[in-house]
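**Student:** Dropping in target.cif, with mmCIF, C-alpha atoms and all ligand atoms.
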```
data_upload
#
loop_
_atom_site.group_PDB
_atom_site.id
_atom_site.type_symbol
_atom_site.label_atom_id
_atom_site.label_comp_id
_atom_site.auth_asym_id
_atom_site.auth_seq_id
_atom_site.Cartn_x
_atom_site.Cartn_y
_atom_site.Cartn_z
ATOM 1 C CA MET A 1 -0.797 -13.026 12.576
ATOM 2 C CA LYS A 2 2.801 -11.902 13.102
ATOM 3 C CA LYS A 3 3.767 -9.099 15.510
ATOM 4 C CA ASP A 4 4.409 -6.685 12.620
ATOM 5 C CA LEU A 5 3.094 -5.791 9.171
ATOM 6 C CA LEU A 6 6.231 -5.415 7.068
ATOM 7 C CA LYS A 7 5.076 -6.701 3.669
ATOM 8 C CA MET A 8 2.134 -8.499 2.060
ATOM 9 C CA LEU A 9 4.161 -11.717 2.058
ATOM 10 C CA ASP A 10 3.860 -11.690 5.885
ATOM 11 C CA LEU A 11 0.062 -12.027 5.766
ATOM 12 C CA SER A 12 -1.886 -15.239 5.205
ATOM 13 C CA SER A 13 -5.067 -15.125 3.112
ATOM 14 C CA GLU A 14 -6.993 -15.522 6.352
ATOM 15 C CA ASP A 15 -5.168 -12.537 7.911
ATOM 16 C CA ILE A 16 -6.031 -10.395 4.889
ATOM 17 C CA PHE A 17 -9.733 -11.258 4.928
ATOM 18 C CA GLU A 18 -9.925 -10.711 8.695
ATOM 19 C CA ILE A 19 -8.321 -7.271 8.320
ATOM 20 C CA LEU A 20 -10.689 -6.396 5.456
ATOM 21 C CA ASN A 21 -13.724 -7.440 7.493
ATOM 22 C CA SER A 22 -12.514 -5.411 10.447
ATOM 23 C CA ALA A 23 -11.847 -2.430 8.135
ATOM 24 C CA ASP A 24 -15.436 -2.631 6.838
ATOM 25 C CA GLN A 25 -16.618 -2.580 10.452
ATOM 26 C CA MET A 26 -14.365 0.400 11.266
ATOM 27 C CA LYS A 27 -15.847 2.285 8.315
ATOM 28 C CA TYR A 28 -19.389 1.426 9.394
ATOM 29 C CA ASN A 29 -18.715 2.494 12.981
ATOM 30 C CA LEU A 30 -17.224 5.800 11.912
ATOM 31 C CA LYS A 31 -20.072 6.600 9.505
ATOM 32 C CA HIS A 32 -22.692 5.698 12.149
ATOM 33 C CA GLY A 33 -21.059 7.482 15.082
ATOM 34 C CA ILE A 34 -20.381 4.227 16.941
ATOM 35 C CA ALA A 35 -17.435 4.615 19.330
ATOM 36 C CA HIS A 36 -14.505 2.312 18.620
ATOM 37 C CA ARG A 37 -11.775 3.637 20.886
ATOM 38 C CA VAL A 38 -9.896 0.359 21.088
ATOM 39 C CA LEU A 39 -6.480 2.073 21.364
ATOM 40 C CA GLU A 40 -7.382 4.426 24.207
ATOM 41 C CA GLY A 41 -4.213 5.950 25.683
ATOM 42 C CA LYS A 42 -1.883 4.307 23.162
ATOM 43 C CA THR A 43 0.774 6.005 21.060
ATOM 44 C CA LEU A 44 1.985 5.332 17.520
ATOM 45 C CA ALA A 45 5.440 6.686 16.626
ATOM 46 C CA MET A 46 5.516 7.506 12.908
ATOM 47 C CA ILE A 47 8.942 7.788 11.255
ATOM 48 C CA PHE A 48 9.044 9.395 7.814
ATOM 49 C CA GLN A 49 12.091 9.526 5.558
ATOM 50 C CA LYS A 50 9.959 10.328 2.497
ATOM 51 C CA SER A 51 7.089 12.721 1.798
ATOM 52 C CA SER A 52 3.493 11.709 2.463
ATOM 53 C CA THR A 53 -0.020 13.087 2.434
ATOM 54 C CA ARG A 54 -2.305 10.063 2.726
ATOM 55 C CA THR A 55 -0.176 7.844 4.936
ATOM 56 C CA ARG A 56 0.619 10.542 7.442
ATOM 57 C CA VAL A 57 -2.873 11.976 7.699
ATOM 58 C CA SER A 58 -4.717 8.643 7.700
ATOM 59 C CA PHE A 59 -2.498 7.097 10.382
ATOM 60 C CA GLU A 60 -2.638 10.201 12.542
ATOM 61 C CA THR A 61 -6.400 10.626 12.178
ATOM 62 C CA GLY A 62 -6.914 6.900 12.617
ATOM 63 C CA MET A 63 -5.029 6.802 15.903
ATOM 64 C CA TYR A 64 -7.059 9.752 17.160
ATOM 65 C CA GLN A 65 -10.337 8.050 16.223
ATOM 66 C CA LEU A 66 -9.216 4.892 18.023
ATOM 67 C CA GLY A 67 -8.613 6.902 21.209
ATOM 68 C CA GLY A 68 -4.837 7.122 20.910
ATOM 69 C CA GLN A 69 -2.313 9.579 19.543
ATOM 70 C CA ALA A 70 0.322 9.604 16.827
ATOM 71 C CA LEU A 71 3.745 11.254 16.815
ATOM 72 C CA PHE A 72 5.023 12.608 13.491
ATOM 73 C CA LEU A 73 8.790 12.080 13.447
ATOM 74 C CA THR A 74 10.972 12.813 10.459
ATOM 75 C CA HIS A 75 14.271 11.037 9.882
ATOM 76 C CA ASN A 76 16.086 14.360 9.970
ATOM 77 C CA ASP A 77 14.660 15.386 13.317
ATOM 78 C CA LEU A 78 15.424 12.024 14.901
ATOM 79 C CA GLN A 79 18.923 10.964 15.869
ATOM 80 C CA ILE A 80 18.673 8.258 13.151
ATOM 81 C CA GLY A 81 19.355 11.107 10.728
ATOM 82 C CA ARG A 82 22.679 11.679 12.555
ATOM 83 C CA GLY A 83 23.638 8.026 12.538
ATOM 84 C CA GLU A 84 22.048 6.534 15.670
ATOM 85 C CA PRO A 85 21.634 2.830 14.897
ATOM 86 C CA ILE A 86 18.182 1.590 13.981
ATOM 87 C CA GLU A 87 18.625 -1.153 16.589
ATOM 88 C CA ASP A 88 18.895 1.462 19.370
ATOM 89 C CA THR A 89 16.039 3.562 17.992
ATOM 90 C CA ALA A 90 13.879 0.422 18.027
ATOM 91 C CA ARG A 91 14.681 -0.316 21.665
ATOM 92 C CA VAL A 92 14.132 3.287 22.762
ATOM 93 C CA LEU A 93 10.789 3.721 20.978
ATOM 94 C CA SER A 94 9.668 0.384 22.416
ATOM 95 C CA ARG A 95 9.986 1.920 25.906
ATOM 96 C CA TYR A 96 7.694 4.873 25.087
ATOM 97 C CA ALA A 97 5.217 3.938 22.369
ATOM 98 C CA ASN A 98 2.835 1.072 21.581
ATOM 99 C CA GLY A 99 3.552 0.830 17.862
ATOM 100 C CA ILE A 100 5.840 2.211 15.145
ATOM 101 C CA MET A 101 4.932 3.135 11.586
ATOM 102 C CA ILE A 102 7.880 3.740 9.290
ATOM 103 C CA ARG A 103 8.212 5.049 5.723
ATOM 104 C CA THR A 104 11.719 4.700 4.342
ATOM 105 C CA PHE A 105 13.780 3.408 1.390
ATOM 106 C CA ALA A 106 15.258 0.006 2.249
ATOM 107 C CA GLN A 107 13.007 -2.877 3.279
ATOM 108 C CA GLU A 108 15.948 -4.141 5.383
ATOM 109 C CA GLU A 109 15.701 -1.063 7.612
ATOM 110 C CA VAL A 110 12.084 -1.891 8.424
ATOM 111 C CA GLU A 111 12.914 -5.548 9.017
ATOM 112 C CA THR A 112 15.748 -4.548 11.382
ATOM 113 C CA LEU A 113 13.515 -2.096 13.218
ATOM 114 C CA ALA A 114 10.929 -4.852 13.732
ATOM 115 C CA LYS A 115 13.552 -7.348 14.880
ATOM 116 C CA TRP A 116 14.783 -5.031 17.633
ATOM 117 C CA SER A 117 11.378 -3.608 18.660
ATOM 118 C CA THR A 118 9.208 -5.240 21.265
ATOM 119 C CA ILE A 119 6.211 -3.322 19.871
ATOM 120 C CA PRO A 120 4.511 -3.827 16.464
ATOM 121 C CA VAL A 121 6.098 -2.209 13.404
ATOM 122 C CA ILE A 122 3.992 -1.242 10.382
ATOM 123 C CA ASN A 123 5.517 -0.558 6.982
ATOM 124 C CA GLY A 124 4.181 2.741 5.625
ATOM 125 C CA LEU A 125 6.061 2.215 2.326
ATOM 126 C CA THR A 126 9.521 1.056 1.346
ATOM 127 C CA ASP A 127 11.043 0.654 -2.110
ATOM 128 C CA PHE A 128 9.942 -3.004 -1.933
ATOM 129 C CA SER A 129 6.489 -2.916 -0.404
ATOM 130 C CA HIS A 130 3.411 -0.818 0.449
ATOM 131 C CA PRO A 131 1.151 -3.234 2.361
ATOM 132 C CA CYS A 132 -1.223 -0.645 3.896
ATOM 133 C CA GLN A 133 -2.066 0.686 0.451
ATOM 134 C CA ILE A 134 -2.801 -2.795 -0.865
ATOM 135 C CA LEU A 135 -5.174 -3.556 2.014
ATOM 136 C CA ALA A 136 -7.067 -0.351 1.151
ATOM 137 C CA ASP A 137 -7.073 -1.351 -2.521
ATOM 138 C CA LEU A 138 -8.475 -4.811 -1.787
ATOM 139 C CA MET A 139 -11.109 -3.238 0.471
ATOM 140 C CA THR A 140 -12.117 -0.895 -2.358
ATOM 141 C CA ILE A 141 -12.301 -3.682 -4.925
ATOM 142 C CA ARG A 142 -14.600 -5.652 -2.605
ATOM 143 C CA GLU A 143 -16.835 -2.616 -2.239
ATOM 144 C CA TYR A 144 -17.225 -2.272 -6.007
ATOM 145 C CA HIS A 145 -17.092 -5.906 -7.151
ATOM 146 C CA THR A 146 -18.604 -7.517 -3.993
ATOM 147 C CA ALA A 147 -15.933 -10.253 -3.878
ATOM 148 C CA LEU A 148 -12.270 -10.697 -4.702
ATOM 149 C CA GLU A 149 -12.156 -14.330 -5.815
ATOM 150 C CA GLY A 150 -11.957 -14.645 -9.596
ATOM 151 C CA VAL A 151 -11.780 -10.862 -10.176
ATOM 152 C CA LYS A 152 -9.071 -9.942 -12.703
ATOM 153 C CA MET A 153 -6.595 -7.158 -11.863
ATOM 154 C CA ALA A 154 -4.324 -5.680 -14.523
ATOM 155 C CA TYR A 155 -1.381 -3.586 -13.337
ATOM 156 C CA ILE A 156 0.250 -1.429 -15.976
ATOM 157 C CA GLY A 157 3.527 0.410 -15.389
ATOM 158 C CA ASP A 158 6.553 0.106 -13.126
ATOM 159 C CA GLY A 159 7.268 -3.159 -11.325
ATOM 160 C CA ASN A 160 7.731 -1.168 -8.124
ATOM 161 C CA ASN A 161 6.637 -1.348 -4.468
ATOM 162 C CA MET A 162 2.966 -1.082 -5.476
ATOM 163 C CA CYS A 163 3.252 -3.740 -8.143
ATOM 164 C CA ASN A 164 5.160 -6.124 -5.842
ATOM 165 C CA SER A 165 2.549 -5.797 -3.122
ATOM 166 C CA LEU A 166 -0.474 -5.945 -5.407
ATOM 167 C CA ILE A 167 0.702 -9.217 -6.930
ATOM 168 C CA VAL A 168 0.944 -10.844 -3.511
ATOM 169 C CA GLY A 169 -2.304 -9.371 -2.208
ATOM 170 C CA ALA A 170 -4.294 -10.211 -5.312
ATOM 171 C CA LEU A 171 -3.072 -13.790 -5.596
ATOM 172 C CA LYS A 172 -3.534 -14.462 -1.867
ATOM 173 C CA CYS A 173 -7.152 -13.337 -2.224
ATOM 174 C CA GLY A 174 -7.852 -15.588 -5.212
ATOM 175 C CA MET A 175 -7.775 -12.825 -7.814
ATOM 176 C CA LYS A 176 -6.358 -13.203 -11.315
ATOM 177 C CA MET A 177 -3.367 -10.938 -11.880
ATOM 178 C CA ALA A 178 -1.862 -9.644 -15.120
ATOM 179 C CA VAL A 179 1.126 -7.301 -15.050
ATOM 180 C CA ALA A 180 2.585 -5.306 -17.937
ATOM 181 C CA THR A 181 5.907 -3.519 -17.448
ATOM 182 C CA PRO A 182 8.519 -2.287 -19.897
ATOM 183 C CA LYS A 183 11.533 -4.589 -20.246
ATOM 184 C CA GLY A 184 13.934 -4.044 -17.360
ATOM 185 C CA TYR A 185 11.226 -2.782 -14.983
ATOM 186 C CA GLU A 186 9.798 -6.120 -13.878
ATOM 187 C CA PRO A 187 8.668 -6.788 -10.280
ATOM 188 C CA HIS A 188 11.177 -8.013 -7.647
ATOM 189 C CA ALA A 189 12.541 -11.547 -8.161
ATOM 190 C CA ASP A 190 11.166 -12.687 -4.754
ATOM 191 C CA ILE A 191 7.682 -11.633 -5.872
ATOM 192 C CA LEU A 192 7.958 -13.458 -9.196
ATOM 193 C CA LYS A 193 9.050 -16.550 -7.280
ATOM 194 C CA PHE A 194 6.065 -16.173 -4.948
ATOM 195 C CA ALA A 195 3.711 -15.851 -7.936
ATOM 196 C CA LYS A 196 5.191 -18.956 -9.557
ATOM 197 C CA ASP A 197 5.052 -21.029 -6.366
ATOM 198 C CA HIS A 198 1.572 -19.795 -5.457
ATOM 199 C CA GLY A 199 0.103 -21.375 -8.558
ATOM 200 C CA GLY A 200 -2.695 -18.823 -9.083
ATOM 201 C CA GLU A 201 -3.546 -17.171 -12.383
ATOM 202 C CA PHE A 202 -0.621 -14.785 -13.020
ATOM 203 C CA SER A 203 0.954 -13.353 -16.157
ATOM 204 C CA LEU A 204 3.790 -10.901 -16.752
ATOM 205 C CA VAL A 205 4.012 -9.329 -20.221
ATOM 206 C CA ASN A 206 5.521 -6.256 -21.895
ATOM 207 C CA ASP A 207 2.309 -5.315 -23.719
ATOM 208 C CA PRO A 208 -0.197 -3.229 -21.710
ATOM 209 C CA MET A 209 -3.017 -4.003 -24.163
ATOM 210 C CA GLU A 210 -2.559 -7.720 -23.589
ATOM 211 C CA ALA A 211 -2.601 -7.381 -19.802
ATOM 212 C CA ALA A 212 -5.766 -5.258 -19.861
ATOM 213 C CA VAL A 213 -7.921 -7.782 -21.750
ATOM 214 C CA SER A 214 -11.136 -8.453 -19.762
ATOM 215 C CA ALA A 215 -9.717 -6.811 -16.632
ATOM 216 C CA ASP A 216 -12.178 -5.943 -13.860
ATOM 217 C CA VAL A 217 -9.692 -3.680 -12.108
ATOM 218 C CA LEU A 218 -6.972 -1.595 -13.767
ATOM 219 C CA VAL A 219 -4.175 -0.216 -11.608
ATOM 220 C CA THR A 220 -1.194 1.978 -12.294
ATOM 221 C CA ASP A 221 1.354 4.041 -10.377
ATOM 222 C CA VAL A 222 3.924 6.732 -11.097
ATOM 223 C CA TRP A 223 6.726 5.910 -13.533
ATOM 224 C CA ALA A 224 9.355 7.320 -11.158
ATOM 225 C CA SER A 225 8.900 6.626 -7.453
ATOM 226 C CA MET A 226 10.214 8.699 -4.576
ATOM 227 C CA GLY A 227 13.997 8.548 -4.668
ATOM 228 C CA GLN A 228 14.082 7.928 -8.445
ATOM 229 C CA GLU A 229 13.728 11.569 -9.468
ATOM 230 C CA ASP A 230 17.152 11.532 -11.189
ATOM 231 C CA GLU A 231 15.954 8.810 -13.560
ATOM 232 C CA ALA A 232 12.647 10.511 -14.366
ATOM 233 C CA LYS A 233 13.701 11.685 -17.834
ATOM 234 C CA LYS A 234 14.915 8.252 -18.925
ATOM 235 C CA ARG A 235 11.829 6.619 -17.467
ATOM 236 C CA MET A 236 9.576 8.973 -19.405
ATOM 237 C CA LYS A 237 10.952 7.440 -22.590
ATOM 238 C CA ASP A 238 11.042 3.850 -21.357
ATOM 239 C CA PHE A 239 7.429 3.944 -20.131
ATOM 240 C CA ALA A 240 5.863 5.520 -23.235
ATOM 241 C CA GLY A 241 2.680 3.541 -23.935
ATOM 242 C CA PHE A 242 2.371 2.212 -20.379
ATOM 243 C CA GLN A 243 -0.535 4.510 -19.683
ATOM 244 C CA ILE A 244 -4.135 3.864 -18.651
ATOM 245 C CA ASN A 245 -6.036 5.652 -21.395
ATOM 246 C CA ASN A 246 -9.230 5.109 -23.379
ATOM 247 C CA ALA A 247 -7.611 2.526 -25.673
ATOM 248 C CA ILE A 248 -6.565 0.442 -22.634
ATOM 249 C CA MET A 249 -10.022 0.865 -21.082
ATOM 250 C CA GLN A 250 -11.575 -0.594 -24.240
ATOM 251 C CA GLN A 251 -9.683 -3.833 -23.676
ATOM 252 C CA ALA A 252 -11.038 -4.126 -20.142
ATOM 253 C CA HIS A 253 -14.435 -5.223 -18.895
ATOM 254 C CA SER A 254 -17.069 -2.531 -19.540
ATOM 255 C CA LYS A 255 -17.626 -2.165 -15.772
ATOM 256 C CA ALA A 256 -13.912 -2.125 -14.926
ATOM 257 C CA ILE A 257 -12.801 0.142 -12.104
ATOM 258 C CA VAL A 258 -9.515 2.069 -12.037
ATOM 259 C CA LEU A 259 -7.320 2.385 -8.955
ATOM 260 C CA HIS A 260 -4.373 4.677 -8.332
ATOM 261 C CA CYS A 261 -2.621 4.925 -4.962
ATOM 262 C CA LEU A 262 -1.868 8.627 -5.617
ATOM 263 C CA PRO A 263 -0.208 11.004 -6.145
ATOM 264 C CA ALA A 264 -1.063 10.704 -9.869
ATOM 265 C CA HIS A 265 0.783 12.233 -12.799
ATOM 266 C CA ARG A 266 -1.883 12.975 -15.383
ATOM 267 C CA GLY A 267 -0.622 12.608 -18.934
ATOM 268 C CA GLU A 268 2.006 10.072 -17.815
ATOM 269 C CA GLU A 269 0.757 6.806 -16.271
ATOM 270 C CA ILE A 270 -2.923 7.826 -16.630
ATOM 271 C CA THR A 271 -4.795 10.333 -18.778
ATOM 272 C CA ALA A 272 -6.712 13.149 -17.090
ATOM 273 C CA GLU A 273 -9.855 11.865 -18.806
ATOM 274 C CA VAL A 274 -9.649 8.333 -17.405
ATOM 275 C CA PHE A 275 -8.610 9.658 -13.994
ATOM 276 C CA GLU A 276 -11.623 11.968 -13.730
ATOM 277 C CA ALA A 277 -14.017 9.312 -15.058
ATOM 278 C CA HIS A 278 -12.901 7.046 -12.192
ATOM 279 C CA ALA A 279 -12.222 9.696 -9.556
ATOM 280 C CA ASP A 280 -14.980 8.443 -7.222
ATOM 281 C CA VAL A 281 -13.316 5.039 -6.894
ATOM 282 C CA ILE A 282 -9.832 6.507 -6.645
ATOM 283 C CA PHE A 283 -10.825 8.770 -3.748
ATOM 284 C CA ASP A 284 -12.765 5.953 -2.058
ATOM 285 C CA GLU A 285 -9.479 4.054 -2.300
ATOM 286 C CA ALA A 286 -7.677 6.976 -0.632
ATOM 287 C CA GLU A 287 -10.342 7.109 2.102
ATOM 288 C CA ASN A 288 -10.061 3.388 2.700
ATOM 289 C CA ARG A 289 -6.453 3.845 3.787
ATOM 290 C CA LEU A 290 -7.916 5.236 7.017
ATOM 291 C CA HIS A 291 -10.239 2.301 7.668
ATOM 292 C CA ALA A 292 -7.783 -0.424 6.618
ATOM 293 C CA GLN A 293 -4.975 1.007 8.759
ATOM 294 C CA LYS A 294 -7.256 1.359 11.762
ATOM 295 C CA ALA A 295 -8.045 -2.332 11.363
ATOM 296 C CA VAL A 296 -4.325 -3.145 11.225
ATOM 297 C CA MET A 297 -3.514 -0.997 14.269
ATOM 298 C CA ALA A 298 -6.405 -2.400 16.297
ATOM 299 C CA ARG A 299 -5.259 -5.904 15.455
ATOM 300 C CA LEU A 300 -1.580 -5.366 16.182
ATOM 301 C CA MET A 301 -1.729 -2.838 19.012
ATOM 302 C CA GLY A 302 -5.089 -3.460 20.665
ATOM 303 C CA ALA A 303 -6.093 -5.856 23.381
ATOM 304 C CA GLN A 304 -9.050 -6.848 21.251
ATOM 305 C CA GLN A 305 -9.979 -6.693 17.605
ATOM 306 C CA ALA A 306 -12.523 -4.171 16.407
HETATM 307 N N1 LIG B 401 -0.542 6.476 -1.553
HETATM 308 C C1 LIG B 401 0.247 6.995 -0.602
HETATM 309 O O1 LIG B 401 0.917 6.277 0.121
HETATM 310 O O2 LIG B 401 0.202 8.343 -0.494
HETATM 311 P P1 LIG B 401 1.194 9.269 0.346
HETATM 312 O O3 LIG B 401 2.557 9.174 -0.324
HETATM 313 O O4 LIG B 401 0.602 10.638 0.231
HETATM 314 O O5 LIG B 401 1.250 8.781 1.745
HETATM 315 N N1 LIG B 402 5.562 3.997 -6.049
HETATM 316 C C1 LIG B 402 5.309 5.252 -5.384
HETATM 317 C C2 LIG B 402 4.140 5.110 -4.459
HETATM 318 C C3 LIG B 402 3.779 6.379 -3.729
HETATM 319 C C4 LIG B 402 2.653 6.190 -2.753
HETATM 320 C C5 LIG B 402 6.541 5.696 -4.617
HETATM 321 O O1 LIG B 402 7.177 4.847 -3.982
HETATM 322 O O2 LIG B 402 6.889 6.870 -4.678
#
```
Go ahead and render the structure in this file as structure tokens.
Ligand code: CP
Ligand code: NVA
**Tutor:**
Amino acid sequence: MKKDLLKMLDLSSEDIFEILNSADQMKYNLKHGIAHRVLEGKTLAMIFQKSSTRTRVSFETGMYQLGGQALFLTHNDLQIGRGEPIEDTARVLSRYANGIMIRTFAQEEVETLAKWSTIPVINGLTDFSHPCQILADLMTIREYHTALEGVKMAYIGDGNNMCNSLIVGALKCGMKMAVATPKGYEPHADILKFAKDHGGEFSLVNDPMEAAVSADVLVTDVWASMGQEDEAKKRMKDFAGFQINNAIMQQAHSKAIVLHCLPAHRGEEITAEVFEAHADVIFDEAENRLHAQKAVMARLMGAQQA
């Protein structure tokens, strides 16, 4: 595995399954009171340029459970917010900490940070990618469907960071993937190229009903991501119909599960009824962020794997 986790494209199928197995073990250890302090004395610097509940709390708690500590650093409090180059920030943090987690806008910023850091960098969400969330999603799907191979995922909504990363994660794990977005909101061109070259079962359509047929897993995300608030009104119109509701659920497999990375906007991308009917899975998914990220940190920052 590479030094960093910057996007799902960086992980091989083998890497993903090893992380998922380690995450299952982390979860087991935590639930059974088995010590797993594999990052004793280590520090994770966490840089946030966007809001967060799950990512911040799960990384911070995860580091603590692994025997280390996490530093919550916002862009505005750091000198980056006053123009200090990312290259210098990378070299400075590399002298103090053992890993960096960053949540920001441009994927390039994360790639630059990783290039200039001698310590591992973990992407906690960019406009392009959200790899930690996808590892938690795959972990959750395995818990409910036992395996990933051959399981059909349907993603309905914006071709955003979540969609980009889910396509890569699903196809690398042998899942079937159907995506429905409105015209003009398709996933990133690099991701569509990956899907084409990968040769797995992948479809991209503009009809949510079509994508949902026989799905085992239905996934959606907000219509306007962080940083797109100004476009929210326009998006509301453009995304009408791209909602997980009872009609969509009827197209899917009767035992289909629903995932949402959260925060959710009930009445927009998902109805309150469908959300509550699948709340157990959705909050397992949120919990699994903790276990999946601990597996990633142990792998990248630890002397040994958990
Ligand atoms: N899903 C997710 O990343 O949540 P936060 O924005 O709360 O971190
Ligand atoms: N697509 C959303 C995901 C939030 C976890 C965003 O980027 O805001």
**Student:** Throw together the list of residues within 7 Å of ligand LIG 401 (chain B), counting all atoms listed in the file, and drop it here as a PyMOL selection string.
**Tutor:** chain A and resi 51-56+125+133+261-263
**Student:** Ligand LIG 402 (chain B): which residues are within 10 Å, counting all atoms listed in the file? Reply as a count of residues only.
**Tutor:** 38
**Student:** Please measure the separation of CA of Gln79 in chain A and CA of Val296 in chain A, giving the value in Å to one decimal.
**Tutor:** 27.6 Å
**Student:** Taking the file above as input, evaluate the PyMOL selection byres (((chain A and resi 205) around 9) and not hetatm) and report the hits as a ChimeraX atom specification.
**Tutor:** /A:178-183,203-204,206-208,210-211
**Student:** Given the file shown, determine the residues that the PyMOL selection byres (((chain A and resi 241-247) around 10) and not hetatm) selects; report them as a PyMOL selection string.
**Tutor:** chain A and resi 155-158+180-182+206-209+212+218-223+236-240+248-252+258+266-275
**Student:** Output C-alpha atoms of each residue in that selection to a file, as a CSV table (one decimal), keeping the file's coordinate frame.
**Tutor:**
```
chain,number,residue,atom,x,y,z
A,155,TYR,CA,-1.4,-3.6,-13.3
A,156,ILE,CA,0.2,-1.4,-16.0
A,157,GLY,CA,3.5,0.4,-15.4
A,158,ASP,CA,6.6,0.1,-13.1
A,180,ALA,CA,2.6,-5.3,-17.9
A,181,THR,CA,5.9,-3.5,-17.4
A,182,PRO,CA,8.5,-2.3,-19.9
A,206,ASN,CA,5.5,-6.3,-21.9
A,207,ASP,CA,2.3,-5.3,-23.7
A,208,PRO,CA,-0.2,-3.2,-21.7
A,209,MET,CA,-3.0,-4.0,-24.2
A,212,ALA,CA,-5.8,-5.3,-19.9
A,218,LEU,CA,-7.0,-1.6,-13.8
A,219,VAL,CA,-4.2,-0.2,-11.6
A,220,THR,CA,-1.2,2.0,-12.3
A,221,ASP,CA,1.4,4.0,-10.4
A,222,VAL,CA,3.9,6.7,-11.1
A,223,TRP,CA,6.7,5.9,-13.5
A,236,MET,CA,9.6,9.0,-19.4
A,237,LYS,CA,11.0,7.4,-22.6
A,238,ASP,CA,11.0,3.8,-21.4
A,239,PHE,CA,7.4,3.9,-20.1
A,240,ALA,CA,5.9,5.5,-23.2
A,248,ILE,CA,-6.6,0.4,-22.6
A,249,MET,CA,-10.0,0.9,-21.1
A,250,GLN,CA,-11.6,-0.6,-24.2
A,251,GLN,CA,-9.7,-3.8,-23.7
A,252,ALA,CA,-11.0,-4.1,-20.1
A,258,VAL,CA,-9.5,2.1,-12.0
A,266,ARG,CA,-1.9,13.0,-15.4
A,267,GLY,CA,-0.6,12.6,-18.9
A,268,GLU,CA,2.0,10.1,-17.8
A,269,GLU,CA,0.8,6.8,-16.3
A,270,ILE,CA,-2.9,7.8,-16.6
A,271,THR,CA,-4.8,10.3,-18.8
A,272,ALA,CA,-6.7,13.1,-17.1
A,273,GLU,CA,-9.9,11.9,-18.8
A,274,VAL,CA,-9.6,8.3,-17.4
A,275,PHE,CA,-8.6,9.7,-14.0
```
**Student:** List, as a list of chain:residue names, every residue that the PyMOL selection byres (((chain A and resi 69) around 12) and not hetatm) selects in the file provided.
**Tutor:**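 Matching residues under the PyMOL selection byres (((chain A and resi 69) around 12) and not hetatm) are A:Arg37, A:Leu39, A:Glu40, A:Gly41, A:Lys42, A:Thr43, A:Leu44, A:Ala45, A:Met46, A:Phe59, A:Glu60, A:Thr61, A:Gly62, A:Met63, A:Tyr64, A:Gln65, A:Leu66, A:Gly67, A:Gly68, A:Ala70, A:Leu71, A:Phe72, A:Ala97, A:Asn98, A:Gly99, A:Ile100, A:Met297.
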**Student:** How many Å separate CA of Ala303 in chain A from CA of Glu111 in chain A?
**Tutor:**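 Computed distance, CA of Ala303 in chain A to CA of Glu111 in chain A, equals 23.8 Å.
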**Student:** With all atoms listed in the file as the basis for distance, which of A:Ala286, A:Ala277, A:Ala298, A:Ile122 is at the shortest distance from Asp137 in chain A?
**Tutor:**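 Ranking A:Ala286, A:Ala277, A:Ala298, A:Ile122 by distance to Asp137 in chain A, first place goes to A:Ala286.
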**Student:** Any idea what the distance is between CA of Ile134 in chain A and CA of Arg235 in chain A?
**Tutor:** 24.0 Å
**Student:** Step by step: start from the point (-5.2, -21.3, -10.6) in the file's coordinates, keep every protein, DNA or RNA residue that has an atom no farther than 12 Å from it, count all atoms listed in the file, and write the set as a list in words.
**Tutor:**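 Checking each residue against the 12 Å limit leaves Glu149, Gly150, Leu171, Lys172, Cys173, Gly174, Met175, Lys176, Met177, Ala195, Lys196, Asp197, His198, Gly199, Gly200, Glu201, Phe202 and Ser203 of chain A.
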**Student:** Which residue, A:Ser13, A:Thr140, A:Ser117, A:Thr89, has the smallest gap to Leu290 in chain A when you use all atoms listed in the file?
**Tutor:** A:Thr140
**Student:** Edge lengths and centre in Å to one decimal, as lines of an AutoDock Vina configuration file, of the axis-aligned box that encloses all listed atoms of range 154-159 of chain A with 5 Å added on every side?
**Tutor:**
```
center_x = 1.5
center_y = -2.6
center_z = -13.7
size_x = 21.6
size_y = 16.1
size_z = 14.7
```
**Student:** Out of A:Leu135, A:Ile47, A:Ile257, A:Ala147, which residue has the shortest atom-to-atom distance to Ile282 in chain A when counting only C-alpha atoms?
**Tutor:**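 Ranking A:Leu135, A:Ile47, A:Ile257, A:Ala147 by distance to Ile282 in chain A, first place goes to A:Ile257.
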